[in-house]
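Peer 1: Attaching a single structure in structure tokens format; questions to follow.
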Amino acid sequence: MKLFTNGIHAADLKTPLSHTEENYLKAIFKLSELNSSNVSTNAIAEKLSTTAASVTDMLKKLASKKLLHYEKYYGVTLTEKGKKNAKDLIRKHRLWETFLVDKLRFSWDEVDELAEQLEHIRSEILTDRIDQFLGYPKFDPHGDPIPDKHGNIAYHEDVTLESMKKGESGIIVGVIDHSTEFLRYLDKVDLVIHTRIHISEDEEYDQSKTILVNHKHETVISQKVAANLLVRKTGN
């Protein structure tokens with residue numbers, strides 16, 4: 001099995017990564033957070049909505065720059081250099097999302113696409129100034145952790161709402177599905193970040209749940225919705 005770990009050419013050291021290369025590193029890092037094993041080519045293709053053949057070509061290119069290790073049939077792992085690039089991009093993306101929501105009053109369902117464009121600005125000074133201006137936030141408007149300047153990440157200790165049982169309580173701290181449709185649905189049913197919830201009923205038949213929202217009103221949510229909400233459990 002051939003391991004693609006060729007030496008770095010001088011041109012690679014001088015030429016910044018393309019937006020596409022950066023997006024691959026970010027996608028691989030996020031997938032690796034969900035699974036401790038090597039990330040598969042098919043998983044990357046699905047994440048980036050492209051073909052497995054295109055993914056393989058890009059993986060070879062990134063491996064030649066020592067950003068990842070790729071073995072055919074065994075998947076991908078990022079090198080320390082690759083992880084740093086991915087974390088830097090994720091940091092910028094999530095800081096921009098926070099800035100757009102907190103300071104420019106965008107709604108949380110509007111900012112992902114804008115942050116995708118802004119994250120590729122290469123100024124480290126600008127990123128640090130935004131971080132300082134925002135008060136060094138630990139989490140973005142969707143509850144995702146923001147890496148600090150040194151790449152440290154303060155992950156939540158949380159569970160999905162789906163895993164909670166009748167009688168349990170908690171606070172919504174994050175969302176897994178960032179789609180515009182899902183975020184707008186959560187706005188409509190008042191299930192946004194920092195909302196307090198209590199499980200009133202847990203239906204065995206369809207895994208739907210009746211939850212008390214902020215000690216005020218009850219609503220019924222589907223198993224799909226519950227699976228995409230992250231909750232920090234609290235006392236009952």
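Chain identifiers are assigned as A, B, and so on, following the order in which chains appear in the structure tokens; residues are numbered from 1 within each chain, and ligands are numbered from 1 in order of appearance.
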Go through segment 116-197 of chain A and flag each residue having an atom no more than 9 Å from segment 208-211 of chain A; for those, report the closest pair of atoms plus their distance in Å to one decimal, using only C-alpha atoms, ordered by chain and rising number, as CSV.
Peer 2:
```
residue,atom,partner,partner_atom,distance
A:Glu162,CA,A:Lys209,CA,8.4
A:Lys165,CA,A:Lys209,CA,8.9
A:Lys166,CA,A:Lys209,CA,8.4
A:Ile197,CA,A:Ile211,CA,6.2
```
Peer 1: If you run DSSP over the backbone, which residues in segment 88-230 of chain A end up strand (DSSP E or B)? Put them as an MDAnalysis selection string.
Peer 2: chainID A and resid 139 145 159:160 169:175 196:202 209:213 217:221 229:230
Peer 1: Write the residues of the preceding selection, restricted to N, CA and C atoms, as a compact mmCIF listing (two decimals), in the first residue's frame.
Peer 2:
```txt
# COMPACT_ATOMS: atom_id res chain seq x y z
N PHE A 139 -18.03 29.86 22.03
CA PHE A 139 -18.98 29.17 21.16
C PHE A 139 -19.63 30.16 20.20
N PRO A 145 -18.08 25.01 19.19
CA PRO A 145 -16.92 25.58 19.87
C PRO A 145 -15.99 26.31 18.90
N VAL A 159 -25.41 15.98 25.42
CA VAL A 159 -26.04 14.81 24.82
C VAL A 159 -27.05 15.30 23.81
N THR A 160 -27.51 14.42 22.93
CA THR A 160 -28.61 14.81 22.05
C THR A 160 -29.91 14.74 22.84
N SER A 169 -34.23 17.15 32.44
CA SER A 169 -34.24 18.56 32.05
C SER A 169 -32.86 18.96 31.53
N GLY A 170 -32.82 20.09 30.84
CA GLY A 170 -31.55 20.57 30.33
C GLY A 170 -31.67 21.91 29.65
N ILE A 171 -30.54 22.36 29.09
CA ILE A 171 -30.47 23.63 28.35
C ILE A 171 -29.92 23.33 26.97
N ILE A 172 -30.57 23.82 25.93
CA ILE A 172 -30.08 23.63 24.56
C ILE A 172 -28.78 24.41 24.38
N VAL A 173 -27.73 23.72 23.97
CA VAL A 173 -26.43 24.38 23.82
C VAL A 173 -25.87 24.31 22.41
N GLY A 174 -26.52 23.56 21.52
CA GLY A 174 -25.99 23.46 20.16
C GLY A 174 -26.94 22.75 19.21
N VAL A 175 -26.66 22.89 17.93
CA VAL A 175 -27.43 22.20 16.90
C VAL A 175 -26.47 21.44 16.00
N ARG A 196 -34.37 26.52 28.01
CA ARG A 196 -34.50 25.47 29.02
C ARG A 196 -35.63 24.52 28.61
N ILE A 197 -35.37 23.23 28.70
CA ILE A 197 -36.38 22.25 28.31
C ILE A 197 -36.52 21.17 29.39
N HIS A 198 -37.71 20.59 29.44
CA HIS A 198 -38.00 19.47 30.35
C HIS A 198 -38.81 18.45 29.57
N ILE A 199 -38.42 17.18 29.65
CA ILE A 199 -39.11 16.13 28.90
C ILE A 199 -40.36 15.71 29.68
N SER A 200 -41.53 16.06 29.15
CA SER A 200 -42.80 15.71 29.80
C SER A 200 -43.26 14.32 29.40
N GLU A 201 -43.10 13.97 28.12
CA GLU A 201 -43.49 12.66 27.62
C GLU A 201 -42.46 12.17 26.62
N ASP A 202 -42.24 10.86 26.60
CA ASP A 202 -41.27 10.24 25.69
C ASP A 202 -41.97 9.06 25.03
N LYS A 209 -41.19 13.43 21.32
CA LYS A 209 -41.14 13.87 22.71
C LYS A 209 -42.02 15.10 22.91
N THR A 210 -42.69 15.14 24.05
CA THR A 210 -43.38 16.35 24.47
C THR A 210 -42.48 17.05 25.47
N ILE A 211 -42.13 18.30 25.18
CA ILE A 211 -41.21 19.01 26.05
C ILE A 211 -41.81 20.33 26.53
N LEU A 212 -41.50 20.66 27.78
CA LEU A 212 -41.87 21.94 28.36
C LEU A 212 -40.76 22.93 28.04
N VAL A 213 -41.13 24.05 27.43
CA VAL A 213 -40.15 25.03 26.96
C VAL A 213 -40.11 26.23 27.89
N HIS A 217 -44.60 26.67 28.07
CA HIS A 217 -45.55 25.96 27.23
C HIS A 217 -44.94 24.66 26.72
N GLU A 218 -45.81 23.73 26.35
CA GLU A 218 -45.36 22.44 25.85
C GLU A 218 -45.44 22.40 24.33
N THR A 219 -44.53 21.63 23.74
CA THR A 219 -44.55 21.39 22.30
C THR A 219 -44.09 19.96 22.04
N VAL A 220 -44.57 19.39 20.94
CA VAL A 220 -44.19 18.03 20.56
C VAL A 220 -43.19 18.12 19.42
N ILE A 221 -42.07 17.39 19.56
CA ILE A 221 -41.06 17.38 18.50
C ILE A 221 -40.80 15.95 18.04
N LEU A 229 -30.51 18.24 18.18
CA LEU A 229 -30.36 19.25 19.23
C LEU A 229 -29.42 18.72 20.31
N LEU A 230 -28.46 19.53 20.70
CA LEU A 230 -27.51 19.18 21.76
C LEU A 230 -27.93 19.87 23.05
```
Peer 1: Have a look at A:Tyr73, A:Ile90, A:Leu134, A:Lys61 and name the one nearest to Lys103 of chain A; count only C-alpha atoms.
Peer 2: A:Leu134
Peer 1: Do you have, as a Markdown table, the list of residues of segment 43-138 of chain A lying at most 12 Å from segment 192-195 of chain A, each with its nearest atom pair and that distance in Å to one decimal, counting only C-alpha atoms and ordered by chain then number?
Peer 2:
```
| residue | atom | partner | partner_atom | distance |
| --- | --- | --- | --- | --- |
| A:Ser107 | CA | A:Val192 | CA | 11.4 |
| A:Trp108 | CA | A:Val192 | CA | 9.7 |
| A:Asp109 | CA | A:Val192 | CA | 11.3 |
```
Peer 1: Output N, CA and C atoms for every residue in that selection, as an mmCIF file, in the first residue's frame.
Peer 2:
```
data_model
loop_
_atom_site.group_PDB
_atom_site.id
_atom_site.type_symbol
_atom_site.label_atom_id
_atom_site.label_comp_id
_atom_site.auth_asym_id
_atom_site.auth_seq_id
_atom_site.Cartn_x
_atom_site.Cartn_y
_atom_site.Cartn_z
ATOM 1 N N SER A 107 -29.648 36.956 11.521
ATOM 2 C CA SER A 107 -30.206 35.817 12.241
ATOM 3 C C SER A 107 -29.292 34.612 12.047
ATOM 4 N N TRP A 108 -29.400 33.639 12.936
ATOM 5 C CA TRP A 108 -28.459 32.511 12.912
ATOM 6 C C TRP A 108 -28.613 31.637 11.678
ATOM 7 N N ASP A 109 -29.743 31.747 10.977
ATOM 8 C CA ASP A 109 -29.927 30.959 9.757
ATOM 9 C C ASP A 109 -29.382 31.657 8.512
#
```
Peer 1: Within segment 33-106 of chain A, find each residue whose DSSP state, derived from the backbone, is helix (DSSP H, G or I), and express the selection as a ChimeraX atom specification.
Peer 2: /A:33-34,41-48,52-64,80-102
Peer 1: Keeping only C-alpha atoms, write the selected residues as a PDB file, in the first residue's frame.
Peer 2:
```pdb
ATOM      1  CA  GLU A  33     -14.471  14.805  15.234  1.00  0.00           C
ATOM      2  CA  LEU A  34     -17.464  12.512  14.688  1.00  0.00           C
ATOM      3  CA  THR A  41     -13.235   8.957   0.775  1.00  0.00           C
ATOM      4  CA  ASN A  42     -16.981   8.398   0.436  1.00  0.00           C
ATOM      5  CA  ALA A  43     -17.703  10.368   3.610  1.00  0.00           C
ATOM      6  CA  ILE A  44     -15.678  13.312   2.293  1.00  0.00           C
ATOM      7  CA  ALA A  45     -17.423  13.105  -1.089  1.00  0.00           C
ATOM      8  CA  GLU A  46     -20.832  13.178   0.606  1.00  0.00           C
ATOM      9  CA  LYS A  47     -19.837  16.052   2.894  1.00  0.00           C
ATOM     10  CA  LEU A  48     -18.603  18.178  -0.020  1.00  0.00           C
ATOM     11  CA  ALA A  52     -15.105   9.955  -4.939  1.00  0.00           C
ATOM     12  CA  ALA A  53     -12.702  10.290  -7.877  1.00  0.00           C
ATOM     13  CA  SER A  54     -12.403  14.051  -7.348  1.00  0.00           C
ATOM     14  CA  VAL A  55     -11.810  13.483  -3.640  1.00  0.00           C
ATOM     15  CA  THR A  56      -9.022  10.984  -4.338  1.00  0.00           C
ATOM     16  CA  ASP A  57      -7.243  13.453  -6.639  1.00  0.00           C
ATOM     17  CA  MET A  58      -7.420  16.187  -4.006  1.00  0.00           C
ATOM     18  CA  LEU A  59      -6.255  13.874  -1.213  1.00  0.00           C
ATOM     19  CA  LYS A  60      -3.133  13.004  -3.203  1.00  0.00           C
ATOM     20  CA  LYS A  61      -2.460  16.708  -3.719  1.00  0.00           C
ATOM     21  CA  LEU A  62      -2.898  17.513  -0.022  1.00  0.00           C
ATOM     22  CA  ALA A  63      -0.766  14.537   0.977  1.00  0.00           C
ATOM     23  CA  SER A  64       2.050  15.842  -1.224  1.00  0.00           C
ATOM     24  CA  GLU A  80      -0.496  18.310  12.675  1.00  0.00           C
ATOM     25  CA  LYS A  81       0.047  20.852   9.906  1.00  0.00           C
ATOM     26  CA  GLY A  82      -3.281  19.881   8.339  1.00  0.00           C
ATOM     27  CA  LYS A  83      -5.098  20.123  11.684  1.00  0.00           C
ATOM     28  CA  LYS A  84      -3.666  23.597  12.279  1.00  0.00           C
ATOM     29  CA  ASN A  85      -4.889  24.809   8.892  1.00  0.00           C
ATOM     30  CA  ALA A  86      -8.331  23.297   9.496  1.00  0.00           C
ATOM     31  CA  LYS A  87      -8.655  24.771  12.986  1.00  0.00           C
ATOM     32  CA  ASP A  88      -7.552  28.203  11.748  1.00  0.00           C
ATOM     33  CA  LEU A  89     -10.269  28.121   9.088  1.00  0.00           C
ATOM     34  CA  ILE A  90     -12.922  26.900  11.527  1.00  0.00           C
ATOM     35  CA  ARG A  91     -11.897  29.602  14.003  1.00  0.00           C
ATOM     36  CA  LYS A  92     -12.338  32.321  11.394  1.00  0.00           C
ATOM     37  CA  HIS A  93     -15.671  30.898  10.206  1.00  0.00           C
ATOM     38  CA  ARG A  94     -17.164  30.735  13.689  1.00  0.00           C
ATOM     39  CA  LEU A  95     -15.824  34.136  14.744  1.00  0.00           C
ATOM     40  CA  TRP A  96     -17.359  35.690  11.632  1.00  0.00           C
ATOM     41  CA  GLU A  97     -20.684  33.967  12.390  1.00  0.00           C
ATOM     42  CA  THR A  98     -20.562  35.373  15.925  1.00  0.00           C
ATOM     43  CA  PHE A  99     -19.717  38.857  14.671  1.00  0.00           C
ATOM     44  CA  LEU A 100     -22.518  38.807  12.097  1.00  0.00           C
ATOM     45  CA  VAL A 101     -25.131  37.713  14.646  1.00  0.00           C
ATOM     46  CA  ASP A 102     -23.997  39.680  17.702  1.00  0.00           C
TER      47      ASP A 102
END
```
Peer 1: Near Asp148 of chain A, counting only C-alpha atoms, which residues have an atom at most 8 Å away, once you skip same-chain residues fewer than 3 positions from it, shown as a list in words?
Peer 2: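 In the requested form, the answer reads Arg91, Tyr136, Lys138, Gly151, Asn152 and Ile153 of chain A.
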Peer 1: Take the residues from that selection and write them out as a short mmCIF file (atom, residue, chain, number, x, y, z; two decimals), in the first residue's frame, keeping N, CA and C atoms.
Peer 2:
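part_33.cif, freshly written:
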```
data_model
loop_
_atom_site.label_atom_id
_atom_site.label_comp_id
_atom_site.auth_asym_id
_atom_site.auth_seq_id
_atom_site.Cartn_x
_atom_site.Cartn_y
_atom_site.Cartn_z
N ARG A 91 -11.90 28.45 13.08
CA ARG A 91 -11.90 29.60 14.00
C ARG A 91 -12.42 30.85 13.31
N TYR A 136 -13.41 37.24 23.14
CA TYR A 136 -12.90 35.86 23.09
C TYR A 136 -13.99 34.82 23.35
N LYS A 138 -16.27 31.52 23.34
CA LYS A 138 -15.94 30.09 23.30
C LYS A 138 -16.82 29.33 22.31
N GLY A 151 -5.35 26.91 18.86
CA GLY A 151 -5.99 25.69 18.39
C GLY A 151 -6.70 24.89 19.47
N ASN A 152 -6.77 25.41 20.70
CA ASN A 152 -7.48 24.71 21.77
C ASN A 152 -8.99 24.85 21.57
N ILE A 153 -9.72 23.78 21.83
CA ILE A 153 -11.17 23.77 21.61
C ILE A 153 -11.86 23.33 22.89
#
```
Peer 1: What is the atom CA of Thr50 of chain A to atom CA of Ile28 of chain A distance in Å?
Peer 2: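 Atom CA of Ile28 of chain A lies at a distance of 13.8 Å from atom CA of Thr50 of chain A.
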Peer 1: Go ahead and compute the interatomic distance for atom CA of Leu191 of chain A and atom CA of Glu110 of chain A, in Å to one decimal.
Peer 2: 17.0 Å
